[in-house]
Amino acid sequence: MILDSFRLDGKVALVTGSSAGLGQAICVAFAEAGADMAGVGHARSNEDTEREVRACGRTFLSISADLGLTASVSSIVEKTIAKFGRIDILVNNAGIIRREDAINFQEKDWDDVMNVNVKSLFFLSQAVAKQFLAQKSGGKIISIASLLSFQGGIRVPSYTASKSAVMGLTKLMANEWAKYGINVNAIAPGYMVTTNTEALRADPVRSKEILGRIPAGRWGNPGDIQGIAVFLASSASDYLHGATIPVDGGWLAR
């Protein structure tokens with residue numbers, strides 16, 4: 001049965017930025033598909049996510065880590081292995097944004113965004129890929145890119161640079177690791193109802209401009225990302241490598 005290939009029974013998923021928004025929605029979707037979960041959060045509690053995952057009858061390990069520091073990477077992997085004995089899926093969802101005109105943008109805001117959105121993403125992917133090789137199991141790596149992986153945007157120079165890098169790294173890692181049975185792909189969400197878009201949604205002029213370009217006529221919800229995330233985490237996507245798939249209500253088609 002084709003639907004069986006979308007199941008994640010017996011799998012262990014490691015999801016960063018799991019406490020809310022897209023990360024929480026992905027954790028719940030994976031749990032509904034049969035996976036156990038390690039969720040990496042920072043500043044926010046994972047309690048709500050853990051409750052929803054456990055309601056699906058799955059196990060949830062909450063890990064507190066600062067993804068602005070690559071020193072956190074090894075402990076994240078070690079804690080997951082200590083709990084579950086393996087990792088099958090990594091979702092690089094955690095990300096931050098800084099808004100300012102490019103002419104005034106500060107170096108700290110550049111470094112903060114690049115450290116979380118690119119540097120830690122790459123080194124966590126590397127560490128998990130090494131675990132996949134040790135397990136001789138292959139595995140799935142999914143990163144959250146953005147519409148700004150394809151476009152320039154305005155007032156978010158470091159975010160645009162970071163999300164362009166995510167798409168490039170997705171291709172590079174896929175090129176090198178596909179031969180090991182490791183699938184590396186990315187999802188590019190459109191304008192979603194998350195903390196990263198609060199400022200835009202609160203601005204009536206910008207919100208109207210954005211909605212006017214989205215063919216679907218609405219902001220995306222975290223649940224809109226669940227189906228594609230399960231697909232990329234499952235055996236249904238075993239021949240998909242290096243893709244960045246927009247889930248944007250038609251924004252890029254406009």
# chains A, B, ... in the order shown; residues from 1 in each chain; ligands from 1

call {"tool": "select_by_dssp", "arguments": {"residues": "segment 143-237 of chain A", "states": "strand (DSSP E or B)", "output": "JSON, numbers by chain"}}
result
{"A": [143, 144, 182, 183, 184, 185, 186, 187, 188, 189, 192, 220]}

call {"tool": "select_by_dssp", "arguments": {"residues": "segment 94-246 of chain A", "states": "helix (DSSP H, G or I)", "output": "number ranges by chain"}}
result
A: 102-104, 107-135, 147-149, 157-180, 195-202, 204-213, 222-233, 235-237

call {"tool": "write_last_selection", "arguments": {"atoms": "C-alpha atoms", "output": "PDB file, in the first residue's frame"}}
result
ATOM      1  CA  ALA A 102      20.743  47.265   4.672  1.00  0.00           C
ATOM      2  CA  ILE A 103      22.410  50.685   4.903  1.00  0.00           C
ATOM      3  CA  ASN A 104      22.225  50.526   8.717  1.00  0.00           C
ATOM      4  CA  GLU A 107      27.627  43.220  12.317  1.00  0.00           C
ATOM      5  CA  LYS A 108      26.201  41.570  15.438  1.00  0.00           C
ATOM      6  CA  ASP A 109      22.827  41.097  13.756  1.00  0.00           C
ATOM      7  CA  TRP A 110      24.631  39.565  10.797  1.00  0.00           C
ATOM      8  CA  ASP A 111      26.622  37.143  12.942  1.00  0.00           C
ATOM      9  CA  ASP A 112      23.717  36.151  15.206  1.00  0.00           C
ATOM     10  CA  VAL A 113      21.561  35.119  12.258  1.00  0.00           C
ATOM     11  CA  MET A 114      24.317  33.371  10.315  1.00  0.00           C
ATOM     12  CA  ASN A 115      25.453  31.416  13.379  1.00  0.00           C
ATOM     13  CA  VAL A 116      22.013  29.908  13.990  1.00  0.00           C
ATOM     14  CA  ASN A 117      20.644  29.679  10.460  1.00  0.00           C
ATOM     15  CA  VAL A 118      23.758  28.419   8.672  1.00  0.00           C
ATOM     16  CA  LYS A 119      26.725  27.518  10.862  1.00  0.00           C
ATOM     17  CA  SER A 120      24.936  25.373  13.434  1.00  0.00           C
ATOM     18  CA  LEU A 121      22.678  23.945  10.729  1.00  0.00           C
ATOM     19  CA  PHE A 122      25.671  22.689   8.776  1.00  0.00           C
ATOM     20  CA  PHE A 123      27.601  21.271  11.723  1.00  0.00           C
ATOM     21  CA  LEU A 124      24.525  19.581  13.196  1.00  0.00           C
ATOM     22  CA  SER A 125      23.835  18.051   9.783  1.00  0.00           C
ATOM     23  CA  GLN A 126      27.444  16.877   9.630  1.00  0.00           C
ATOM     24  CA  ALA A 127      27.254  15.314  13.104  1.00  0.00           C
ATOM     25  CA  VAL A 128      23.985  13.521  12.323  1.00  0.00           C
ATOM     26  CA  ALA A 129      25.304  12.334   8.948  1.00  0.00           C
ATOM     27  CA  LYS A 130      28.274  10.792  10.771  1.00  0.00           C
ATOM     28  CA  GLN A 131      25.782   9.007  13.035  1.00  0.00           C
ATOM     29  CA  PHE A 132      23.883   7.734   9.979  1.00  0.00           C
ATOM     30  CA  LEU A 133      27.156   6.340   8.620  1.00  0.00           C
ATOM     31  CA  ALA A 134      27.959   4.675  11.947  1.00  0.00           C
ATOM     32  CA  GLN A 135      24.488   3.111  11.972  1.00  0.00           C
ATOM     33  CA  LEU A 147      11.112  32.165  -0.101  1.00  0.00           C
ATOM     34  CA  LEU A 148      14.223  34.291   0.392  1.00  0.00           C
ATOM     35  CA  SER A 149      16.286  31.317  -0.713  1.00  0.00           C
ATOM     36  CA  PRO A 157      20.169  41.057   4.677  1.00  0.00           C
ATOM     37  CA  SER A 158      21.537  38.385   6.985  1.00  0.00           C
ATOM     38  CA  TYR A 159      18.331  36.338   6.811  1.00  0.00           C
ATOM     39  CA  THR A 160      18.360  36.440   3.009  1.00  0.00           C
ATOM     40  CA  ALA A 161      22.027  35.439   2.951  1.00  0.00           C
ATOM     41  CA  SER A 162      21.394  32.618   5.422  1.00  0.00           C
ATOM     42  CA  LYS A 163      18.422  31.164   3.592  1.00  0.00           C
ATOM     43  CA  SER A 164      20.219  31.350   0.247  1.00  0.00           C
ATOM     44  CA  ALA A 165      23.003  29.421   1.968  1.00  0.00           C
ATOM     45  CA  VAL A 166      20.548  26.813   3.241  1.00  0.00           C
ATOM     46  CA  MET A 167      19.443  26.028  -0.295  1.00  0.00           C
ATOM     47  CA  GLY A 168      23.060  25.855  -1.494  1.00  0.00           C
ATOM     48  CA  LEU A 169      24.157  23.625   1.375  1.00  0.00           C
ATOM     49  CA  THR A 170      21.158  21.356   0.783  1.00  0.00           C
ATOM     50  CA  LYS A 171      22.446  20.737  -2.747  1.00  0.00           C
ATOM     51  CA  LEU A 172      26.049  20.278  -1.627  1.00  0.00           C
ATOM     52  CA  MET A 173      25.233  17.820   1.154  1.00  0.00           C
ATOM     53  CA  ALA A 174      22.917  15.889  -1.167  1.00  0.00           C
ATOM     54  CA  ASN A 175      25.669  15.665  -3.793  1.00  0.00           C
ATOM     55  CA  GLU A 176      28.124  14.205  -1.288  1.00  0.00           C
ATOM     56  CA  TRP A 177      25.856  12.048   0.861  1.00  0.00           C
ATOM     57  CA  ALA A 178      23.262  10.568  -1.511  1.00  0.00           C
ATOM     58  CA  LYS A 179      25.609   7.661  -2.183  1.00  0.00           C
ATOM     59  CA  TYR A 180      25.297   6.718   1.499  1.00  0.00           C
ATOM     60  CA  THR A 195       6.904  34.648  15.503  1.00  0.00           C
ATOM     61  CA  ASN A 196       9.222  35.581  12.610  1.00  0.00           C
ATOM     62  CA  THR A 197       6.328  37.279  10.785  1.00  0.00           C
ATOM     63  CA  GLU A 198       4.727  39.048  13.746  1.00  0.00           C
ATOM     64  CA  ALA A 199       6.080  42.439  12.699  1.00  0.00           C
ATOM     65  CA  LEU A 200       4.812  42.029   9.138  1.00  0.00           C
ATOM     66  CA  ARG A 201       1.362  40.854  10.199  1.00  0.00           C
ATOM     67  CA  ALA A 202       1.087  43.773  12.632  1.00  0.00           C
ATOM     68  CA  PRO A 204      -1.445  46.838   7.981  1.00  0.00           C
ATOM     69  CA  VAL A 205       0.264  48.188   4.876  1.00  0.00           C
ATOM     70  CA  ARG A 206       2.830  45.376   4.554  1.00  0.00           C
ATOM     71  CA  SER A 207       0.290  42.718   5.482  1.00  0.00           C
ATOM     72  CA  LYS A 208      -2.066  43.924   2.744  1.00  0.00           C
ATOM     73  CA  GLU A 209       0.765  44.011   0.208  1.00  0.00           C
ATOM     74  CA  ILE A 210       1.828  40.472   1.075  1.00  0.00           C
ATOM     75  CA  LEU A 211      -1.688  39.014   1.022  1.00  0.00           C
ATOM     76  CA  GLY A 212      -2.323  40.739  -2.289  1.00  0.00           C
ATOM     77  CA  ARG A 213       0.420  38.690  -3.919  1.00  0.00           C
ATOM     78  CA  PRO A 222       2.169  25.698  10.612  1.00  0.00           C
ATOM     79  CA  GLY A 223      -0.107  22.796   9.723  1.00  0.00           C
ATOM     80  CA  ASP A 224       0.410  23.560   6.033  1.00  0.00           C
ATOM     81  CA  ILE A 225       3.980  22.297   6.354  1.00  0.00           C
ATOM     82  CA  GLN A 226       3.168  18.937   7.948  1.00  0.00           C
ATOM     83  CA  GLY A 227       2.423  16.904   4.840  1.00  0.00           C
ATOM     84  CA  ILE A 228       5.595  17.803   2.965  1.00  0.00           C
ATOM     85  CA  ALA A 229       7.681  17.261   6.121  1.00  0.00           C
ATOM     86  CA  VAL A 230       6.327  13.729   6.589  1.00  0.00           C
ATOM     87  CA  PHE A 231       6.901  12.995   2.889  1.00  0.00           C
ATOM     88  CA  LEU A 232      10.552  14.119   3.058  1.00  0.00           C
ATOM     89  CA  ALA A 233      11.110  12.138   6.284  1.00  0.00           C
ATOM     90  CA  SER A 235      10.635   6.265   2.423  1.00  0.00           C
ATOM     91  CA  ALA A 236       8.213   7.827  -0.077  1.00  0.00           C
ATOM     92  CA  SER A 237      10.945  10.377  -0.859  1.00  0.00           C
TER      93      SER A 237
END

call {"tool": "atom_distance", "arguments": {"atom1": "atom CA of Ser45 of chain A", "atom2": "atom CA of Ile142 of chain A"}}
result
22.8 Å

call {"tool": "closest_atom_pairs", "arguments": {"of": "segment 12-35 of chain A", "to": "segment 72-84 of chain A", "cutoff": "12 Å", "atoms": "only C-alpha atoms", "output": "CSV"}}
result
residue,atom,partner,partner_atom,distance
A:Val12,CA,A:Phe84,CA,7.2
A:Ala13,CA,A:Thr80,CA,9.1
A:Leu14,CA,A:Thr80,CA,7.6
A:Val15,CA,A:Ile76,CA,10.4
A:Thr16,CA,A:Ile76,CA,9.7
A:Ala35,CA,A:Phe84,CA,11.3

call {"tool": "closest_residue", "arguments": {"among": "A:Ala71, A:Val193, A:Val53, A:Ile187", "to": "Asp36 of chain A", "atoms": "only C-alpha atoms"}}
result
A:Val53

call {"tool": "atom_distance", "arguments": {"atom1": "atom CA of Ser62 of chain A", "atom2": "atom CA of Thr194 of chain A"}}
result
20.8 Å

call {"tool": "atom_distance", "arguments": {"atom1": "atom CA of Val156 of chain A", "atom2": "atom CA of Thr244 of chain A"}}
result
20.3 Å

call {"tool": "closest_residue", "arguments": {"among": "A:Gln24, A:Ala33, A:Asp88, A:Pro246", "to": "Ser5 of chain A", "atoms": "only C-alpha atoms"}}
result
A:Ala33

call {"tool": "decode", "arguments": {"residues": "segment 131-202 of chain A", "atoms": "C-alpha atoms", "output": "mmCIF file, in the first residue's frame"}}
result
data_model
loop_
_atom_site.group_PDB
_atom_site.id
_atom_site.type_symbol
_atom_site.label_atom_id
_atom_site.label_comp_id
_atom_site.auth_asym_id
_atom_site.auth_seq_id
_atom_site.Cartn_x
_atom_site.Cartn_y
_atom_site.Cartn_z
ATOM 1 C CA GLN A 131 25.782 9.007 13.035
ATOM 2 C CA PHE A 132 23.883 7.734 9.979
ATOM 3 C CA LEU A 133 27.156 6.340 8.620
ATOM 4 C CA ALA A 134 27.959 4.675 11.947
ATOM 5 C CA GLN A 135 24.488 3.111 11.972
ATOM 6 C CA LYS A 136 24.868 2.018 8.314
ATOM 7 C CA SER A 137 21.242 3.006 7.969
ATOM 8 C CA GLY A 138 21.040 6.027 5.699
ATOM 9 C CA GLY A 139 18.749 8.767 6.921
ATOM 10 C CA LYS A 140 16.832 11.941 6.179
ATOM 11 C CA ILE A 141 17.996 15.540 6.650
ATOM 12 C CA ILE A 142 15.393 18.265 6.117
ATOM 13 C CA SER A 143 16.193 21.956 6.466
ATOM 14 C CA ILE A 144 13.783 24.856 6.588
ATOM 15 C CA ALA A 145 14.738 27.298 3.861
ATOM 16 C CA SER A 146 12.571 30.263 2.803
ATOM 17 C CA LEU A 147 11.112 32.165 -0.101
ATOM 18 C CA LEU A 148 14.223 34.291 0.392
ATOM 19 C CA SER A 149 16.286 31.317 -0.713
ATOM 20 C CA PHE A 150 14.941 32.325 -4.151
ATOM 21 C CA GLN A 151 14.392 36.083 -3.728
ATOM 22 C CA GLY A 152 16.145 39.053 -2.175
ATOM 23 C CA GLY A 153 13.525 40.463 0.134
ATOM 24 C CA ILE A 154 13.936 43.795 1.914
ATOM 25 C CA ARG A 155 15.387 44.818 5.282
ATOM 26 C CA VAL A 156 16.643 41.303 6.127
ATOM 27 C CA PRO A 157 20.169 41.057 4.677
ATOM 28 C CA SER A 158 21.537 38.385 6.985
ATOM 29 C CA TYR A 159 18.331 36.338 6.811
ATOM 30 C CA THR A 160 18.360 36.440 3.009
ATOM 31 C CA ALA A 161 22.027 35.439 2.951
ATOM 32 C CA SER A 162 21.394 32.618 5.422
ATOM 33 C CA LYS A 163 18.422 31.164 3.592
ATOM 34 C CA SER A 164 20.219 31.350 0.247
ATOM 35 C CA ALA A 165 23.003 29.421 1.968
ATOM 36 C CA VAL A 166 20.548 26.813 3.241
ATOM 37 C CA MET A 167 19.443 26.028 -0.295
ATOM 38 C CA GLY A 168 23.060 25.855 -1.494
ATOM 39 C CA LEU A 169 24.157 23.625 1.375
ATOM 40 C CA THR A 170 21.158 21.356 0.783
ATOM 41 C CA LYS A 171 22.446 20.737 -2.747
ATOM 42 C CA LEU A 172 26.049 20.278 -1.627
ATOM 43 C CA MET A 173 25.233 17.820 1.154
ATOM 44 C CA ALA A 174 22.917 15.889 -1.167
ATOM 45 C CA ASN A 175 25.669 15.665 -3.793
ATOM 46 C CA GLU A 176 28.124 14.205 -1.288
ATOM 47 C CA TRP A 177 25.856 12.048 0.861
ATOM 48 C CA ALA A 178 23.262 10.568 -1.511
ATOM 49 C CA LYS A 179 25.609 7.661 -2.183
ATOM 50 C CA TYR A 180 25.297 6.718 1.499
ATOM 51 C CA GLY A 181 21.495 6.567 1.362
ATOM 52 C CA ILE A 182 21.183 9.957 3.040
ATOM 53 C CA ASN A 183 18.491 12.192 1.586
ATOM 54 C CA VAL A 184 19.094 15.917 2.063
ATOM 55 C CA ASN A 185 16.252 18.229 1.060
ATOM 56 C CA ALA A 186 14.673 21.484 2.197
ATOM 57 C CA ILE A 187 11.281 23.119 2.557
ATOM 58 C CA ALA A 188 10.822 26.791 1.671
ATOM 59 C CA PRO A 189 7.777 28.042 3.606
ATOM 60 C CA GLY A 190 5.934 31.087 2.386
ATOM 61 C CA TYR A 191 4.564 33.775 4.679
ATOM 62 C CA MET A 192 3.515 31.758 7.723
ATOM 63 C CA VAL A 193 1.827 32.704 10.973
ATOM 64 C CA THR A 194 4.929 32.404 13.173
ATOM 65 C CA THR A 195 6.904 34.648 15.503
ATOM 66 C CA ASN A 196 9.222 35.581 12.610
ATOM 67 C CA THR A 197 6.328 37.279 10.785
ATOM 68 C CA GLU A 198 4.727 39.048 13.746
ATOM 69 C CA ALA A 199 6.080 42.439 12.699
ATOM 70 C CA LEU A 200 4.812 42.029 9.138
ATOM 71 C CA ARG A 201 1.362 40.854 10.199
ATOM 72 C CA ALA A 202 1.087 43.773 12.632
#
